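> Input: one structure, supplied below.
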Amino acid sequence: MIAVFLGPPGAGKGTQSAKLIRDLGFRKIATGDLLRAARQAGTELGDAARRYMDAGELVPDEVIVALVEETLGGFPADAPILFDGFPRTLPQARALDDALARTGRAVERVVVLDVPEQVVLRRIGGRRISPNGRVYNIHDDPPRVDGVCDETGEPLIHRKDDRPQTILRRLRVYEAQTEPIIAYYEEGAPPVARLDGMQGIEETYRSVRAALRRMPAGETEPRCNGTK
């Protein structure tokens with residue numbers, strides 16, 4: 001099984017992918033993880049990515065896709081693979097199809113977690129982080145004392161990436177870049193399941209598992225929230 005997991009920031013992809021890795025043995029490929037690992041390893045591709053990142057520029061698609069291909073080459077040929085938040089652009093989606101085709105494989109499932117904008121703002125905008133790494137949410141999981149870590153007593157950090165203006169910019173980028181990818185997959189062979197990301201964690205996980213389940217020939221993908 002090769003699956004692509006898409007959704008806006010704050011949709012819960014990280015939580016769900018961790019459960020899939022634990023329960024089903026998926027190997028996860030996520031762009032951020034690849035870039036950090038390549039940069040630390042000091043490989044030729046890592047150095048190329050580092051030059052763009054240090055200059056504050058986006059890493060080109062060809063470097064990202066080359067990193068993905070390199071990672072795929074290190075996995076067993078039959079390993080279940082979960083692409084988490086990748087591809088991010090239509091050219092990346094096409095390049096991924098080409099890379100997989102060279103190994104006789106293809107994307108078999110696409111799962112999209114749909115979450116309304118106001119919920120994303122609440123989930124990410126409410127996030128506060130302790131210097132020791134513990135994460136709070138002022139709406140759903142607040143500290144006992146406002147702005148202070150329960151464990152260390154240190155002030156909590158509201159990261160720039162978690163501020164409303166930044167979140168909204170990330171959402172606009174997602175809409176502009178990722179929605180065309182979803183349309184691309186919907187026009188192709190892999191079944192696309194758009195799931196309700198507003199469910200609880202376990203309910204969402206059951207929907208994700210159902211969407212990833214292989215369907216016998218002639219059957220159609222189950223509708224998980226009234227849409228394909």
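The way I read the labels, and the way they are meant: chains A, B, ... in the order of the structure tokens, residue 1 as the first residue of every chain, and ligand 1 as the first ligand shown, with later ones counted on from there.
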Using DSSP on the backbone coordinates, identify all residues within stretch 155-204 of chain A classified as helix (DSSP H, G or I); present the result as a short mmCIF file (atom, residue, chain, number, x, y, z; two decimals) with N, CA, C and O atoms, in the first residue's frame.

data_model
loop_
_atom_site.label_atom_id
_atom_site.label_comp_id
_atom_site.auth_asym_id
_atom_site.auth_seq_id
_atom_site.Cartn_x
_atom_site.Cartn_y
_atom_site.Cartn_z
N LYS A 160 5.78 32.20 16.39
CA LYS A 160 5.34 33.02 15.27
C LYS A 160 4.50 32.22 14.29
O LYS A 160 3.50 32.71 13.74
N ASP A 161 4.90 30.95 14.06
CA ASP A 161 4.16 30.10 13.12
C ASP A 161 2.75 29.79 13.61
O ASP A 161 1.91 29.35 12.82
N ASP A 162 2.48 30.00 14.90
CA ASP A 162 1.18 29.68 15.47
C ASP A 162 0.29 30.91 15.62
O ASP A 162 -0.78 30.83 16.24
N PRO A 164 -2.23 33.98 14.24
CA PRO A 164 -3.30 33.95 13.23
C PRO A 164 -2.87 34.39 11.83
O PRO A 164 -3.26 33.76 10.84
N GLN A 165 -2.07 35.46 11.74
CA GLN A 165 -1.68 35.95 10.41
C GLN A 165 -0.89 34.89 9.65
O GLN A 165 -1.09 34.69 8.44
N THR A 166 0.02 34.20 10.36
CA THR A 166 0.82 33.16 9.72
C THR A 166 -0.04 31.97 9.33
O THR A 166 0.12 31.39 8.25
N ILE A 167 -0.95 31.59 10.22
CA ILE A 167 -1.83 30.46 9.93
C ILE A 167 -2.67 30.73 8.68
O ILE A 167 -2.81 29.87 7.81
N LEU A 168 -3.21 31.92 8.59
CA LEU A 168 -4.03 32.26 7.43
C LEU A 168 -3.22 32.22 6.14
O LEU A 168 -3.72 31.78 5.10
N ARG A 169 -1.97 32.69 6.20
CA ARG A 169 -1.11 32.61 5.01
C ARG A 169 -0.88 31.16 4.62
O ARG A 169 -0.92 30.81 3.43
N ARG A 170 -0.64 30.30 5.61
CA ARG A 170 -0.42 28.88 5.32
C ARG A 170 -1.67 28.25 4.72
O ARG A 170 -1.58 27.40 3.82
N LEU A 171 -2.84 28.66 5.20
CA LEU A 171 -4.09 28.12 4.65
C LEU A 171 -4.29 28.55 3.21
O LEU A 171 -4.77 27.77 2.38
N ARG A 172 -3.94 29.82 2.90
CA ARG A 172 -4.09 30.28 1.52
C ARG A 172 -3.14 29.52 0.59
O ARG A 172 -3.51 29.19 -0.54
N VAL A 173 -1.93 29.24 1.07
CA VAL A 173 -0.99 28.45 0.28
C VAL A 173 -1.53 27.04 0.06
O VAL A 173 -1.46 26.49 -1.05
N TYR A 174 -2.09 26.46 1.13
CA TYR A 174 -2.66 25.11 1.02
C TYR A 174 -3.77 25.09 -0.03
O TYR A 174 -3.81 24.19 -0.89
N GLU A 175 -4.66 26.06 0.03
CA GLU A 175 -5.77 26.10 -0.92
C GLU A 175 -5.26 26.22 -2.35
O GLU A 175 -5.75 25.56 -3.27
N ALA A 176 -4.26 27.10 -2.54
CA ALA A 176 -3.76 27.35 -3.89
C ALA A 176 -2.99 26.16 -4.45
O ALA A 176 -3.08 25.85 -5.65
N GLN A 177 -2.23 25.47 -3.60
CA GLN A 177 -1.35 24.42 -4.09
C GLN A 177 -1.93 23.02 -3.97
O GLN A 177 -1.72 22.18 -4.84
N THR A 178 -2.63 22.76 -2.86
CA THR A 178 -3.03 21.38 -2.59
C THR A 178 -4.36 21.00 -3.20
O THR A 178 -4.54 19.85 -3.62
N GLU A 179 -5.30 21.92 -3.28
CA GLU A 179 -6.59 21.57 -3.88
C GLU A 179 -6.42 21.08 -5.32
O GLU A 179 -7.09 20.11 -5.72
N PRO A 180 -5.53 21.68 -6.14
CA PRO A 180 -5.32 21.12 -7.48
C PRO A 180 -4.75 19.69 -7.44
O PRO A 180 -5.02 18.90 -8.35
N ILE A 181 -3.97 19.37 -6.40
CA ILE A 181 -3.44 18.01 -6.28
C ILE A 181 -4.57 17.03 -6.03
O ILE A 181 -4.62 15.93 -6.61
N ILE A 182 -5.51 17.42 -5.16
CA ILE A 182 -6.66 16.56 -4.89
C ILE A 182 -7.45 16.32 -6.17
O ILE A 182 -7.85 15.18 -6.47
N ALA A 183 -7.67 17.39 -6.93
CA ALA A 183 -8.39 17.25 -8.21
C ALA A 183 -7.64 16.33 -9.16
O ALA A 183 -8.24 15.51 -9.87
N TYR A 184 -6.31 16.44 -9.17
CA TYR A 184 -5.47 15.59 -10.03
C TYR A 184 -5.65 14.12 -9.68
O TYR A 184 -5.82 13.27 -10.56
N TYR A 185 -5.64 13.82 -8.39
CA TYR A 185 -5.82 12.43 -7.98
C TYR A 185 -7.26 11.95 -8.24
O TYR A 185 -7.48 10.79 -8.59
N GLU A 186 -8.22 12.84 -8.05
CA GLU A 186 -9.61 12.44 -8.30
C GLU A 186 -9.85 12.09 -9.77
O GLU A 186 -10.72 11.29 -10.09
N GLU A 187 -9.05 12.69 -10.64
CA GLU A 187 -9.18 12.39 -12.08
C GLU A 187 -8.42 11.13 -12.48
O GLU A 187 -8.60 10.63 -13.58
N ILE A 201 -10.36 11.81 17.74
CA ILE A 201 -9.16 11.15 17.22
C ILE A 201 -9.46 9.70 16.83
O ILE A 201 -9.09 9.24 15.74
N GLU A 202 -10.13 8.96 17.70
CA GLU A 202 -10.38 7.55 17.42
C GLU A 202 -11.39 7.37 16.29
O GLU A 202 -11.26 6.46 15.47
N GLU A 203 -12.42 8.24 16.25
CA GLU A 203 -13.39 8.15 15.17
C GLU A 203 -12.72 8.45 13.83
O GLU A 203 -12.98 7.77 12.82
N THR A 204 -11.85 9.47 13.82
CA THR A 204 -11.13 9.79 12.59
C THR A 204 -10.24 8.63 12.18
O THR A 204 -10.16 8.28 10.99
#
> Near A:Phe83, counting only C-alpha atoms, which residues have an atom at most 8 Å away, once you skip same-chain residues fewer than 2 positions from it, shown as a list in words?
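What passes the distance filter is Ile2, Ala3, Val4, Phe5, Lys28, Ile29, Ala30, Ile81, Gly85, Phe86 and Pro87 of chain A.
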> Just the residues within 9 Å of A:Ala79, please, counting only C-alpha atoms, with nothing from its chain fewer than 6 positions along; format it as a list in words.
Met1, Ile2, Gly25, Phe26 and Arg27 of chain A
> Run DSSP on the backbone and give me the residues of stretch 74-186 of chain A it puts in strand (DSSP E or B), as a PyMOL selection string.
chain A and resi 81-84+109-114+127-129+135-137+141+145+148+155+157
> State, in Å with one decimal place, the distance from atom CA of A:Pro76 to atom CA of A:Arg105.
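Separation between atom CA of A:Pro76 and atom CA of A:Arg105: 12.2 Å.
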> What is the atom CA of A:Ala55 to atom CA of A:Arg36 distance in Å?
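Between atom CA of A:Ala55 and atom CA of A:Arg36 the gap works out to 15.5 Å.
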> Using only C-alpha atoms, which of A:Met198, A:Ile124, A:Arg88, A:Ser130 sits nearest A:Gly153?
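Looking at the shortest contact to A:Gly153, the residue is A:Ser130.
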> Which is closer to A:Gly147 than all the others in A:Arg134, A:Gly104, A:Ser207, A:Ile129, using only C-alpha atoms?
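Of all the options, A:Ile129 lies closest to A:Gly147.
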> Expressed in Å to a single decimal, how great is the separation between atom CA of A:Gly200 and atom CA of A:Thr15?
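According to the coordinates, atom CA of A:Gly200 and atom CA of A:Thr15 are separated by 11.3 Å.
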> I'd like to know which of A:Asp146, A:Glu108, A:Val208, A:Tyr136 is closest to A:Pro191, using only C-alpha atoms.
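Counting only C-alpha atoms, the residue closest to A:Pro191 is A:Glu108.
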> With only C-alpha atoms as the atoms that count, which of A:Leu67, A:Ala193, A:Leu24, A:Cys149 lies nearest to A:Leu113?
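Going through A:Leu67, A:Ala193, A:Leu24, A:Cys149 one by one, the smallest distance to A:Leu113 is for A:Ala193.
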> Please identify all polymer residues within 12 Å of stretch 41-47 of chain A, counting only C-alpha atoms, omitting same-chain residues fewer than 2 positions from it, and present them as a ChimeraX atom specification.
/A:33-39,49-54,59-60,62-71
> Of the candidates A:Glu117, A:Leu58, A:Asp84, A:Ala99, which shows the shortest atom-to-atom distance to A:Ala18, using only C-alpha atoms?
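Selected residue with least distance to A:Ala18: A:Asp84.
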> I'd like the neighbourhood of A:Gln16 as JSON, numbers by chain, where a residue qualifies if any of its atoms comes within 8 Å (using only C-alpha atoms), though same-chain residues fewer than 3 positions away should be ignored.
{"A": [12, 13, 19, 20, 201, 204, 205]}
> Could you write out that same residue set with all heavy atoms as a short mmCIF file (atom, residue, chain, number, x, y, z; two decimals), in the first residue's frame?

data_model
loop_
_atom_site.label_atom_id
_atom_site.label_comp_id
_atom_site.auth_asym_id
_atom_site.auth_seq_id
_atom_site.Cartn_x
_atom_site.Cartn_y
_atom_site.Cartn_z
N GLY A 12 -4.69 17.30 11.86
CA GLY A 12 -4.47 16.09 12.64
C GLY A 12 -3.73 15.00 11.89
O GLY A 12 -3.72 13.84 12.31
N LYS A 13 -3.07 15.36 10.77
CA LYS A 13 -2.36 14.35 9.98
C LYS A 13 -1.26 13.69 10.80
O LYS A 13 -1.05 12.47 10.70
CB LYS A 13 -1.76 15.01 8.73
CG LYS A 13 -2.77 15.59 7.77
CD LYS A 13 -2.13 16.05 6.48
CE LYS A 13 -1.05 17.10 6.68
NZ LYS A 13 -1.56 18.35 7.26
N LYS A 19 -0.34 6.85 14.42
CA LYS A 19 -1.11 5.65 14.76
C LYS A 19 -0.99 4.61 13.64
O LYS A 19 -0.89 3.41 13.91
CB LYS A 19 -2.58 6.03 15.00
CG LYS A 19 -2.78 6.87 16.26
CD LYS A 19 -4.20 7.43 16.35
CE LYS A 19 -5.21 6.40 16.75
NZ LYS A 19 -5.02 5.90 18.12
N LEU A 20 -0.96 5.07 12.39
CA LEU A 20 -0.82 4.13 11.27
C LEU A 20 0.56 3.48 11.28
O LEU A 20 0.70 2.29 10.98
CB LEU A 20 -1.04 4.87 9.94
CG LEU A 20 -2.46 5.34 9.67
CD1 LEU A 20 -2.49 6.26 8.46
CD2 LEU A 20 -3.40 4.15 9.46
N ILE A 201 -10.36 11.81 17.74
CA ILE A 201 -9.16 11.15 17.22
C ILE A 201 -9.46 9.70 16.83
O ILE A 201 -9.09 9.24 15.74
CB ILE A 201 -8.03 11.21 18.26
CG1 ILE A 201 -7.54 12.65 18.40
CG2 ILE A 201 -6.88 10.30 17.85
CD1 ILE A 201 -6.52 12.86 19.50
N THR A 204 -11.85 9.47 13.82
CA THR A 204 -11.13 9.79 12.59
C THR A 204 -10.24 8.63 12.18
O THR A 204 -10.16 8.28 10.99
CB THR A 204 -10.27 11.06 12.79
OG1 THR A 204 -11.12 12.16 13.13
CG2 THR A 204 -9.49 11.39 11.53
N TYR A 205 -9.60 8.01 13.16
CA TYR A 205 -8.70 6.90 12.85
C TYR A 205 -9.47 5.74 12.22
O TYR A 205 -9.00 5.11 11.27
CB TYR A 205 -7.99 6.45 14.12
CG TYR A 205 -6.93 5.40 13.90
CD1 TYR A 205 -5.93 5.59 12.96
CD2 TYR A 205 -6.93 4.22 14.64
CE1 TYR A 205 -4.94 4.63 12.75
CE2 TYR A 205 -5.94 3.26 14.44
CZ TYR A 205 -4.95 3.47 13.50
OH TYR A 205 -3.98 2.52 13.31
#
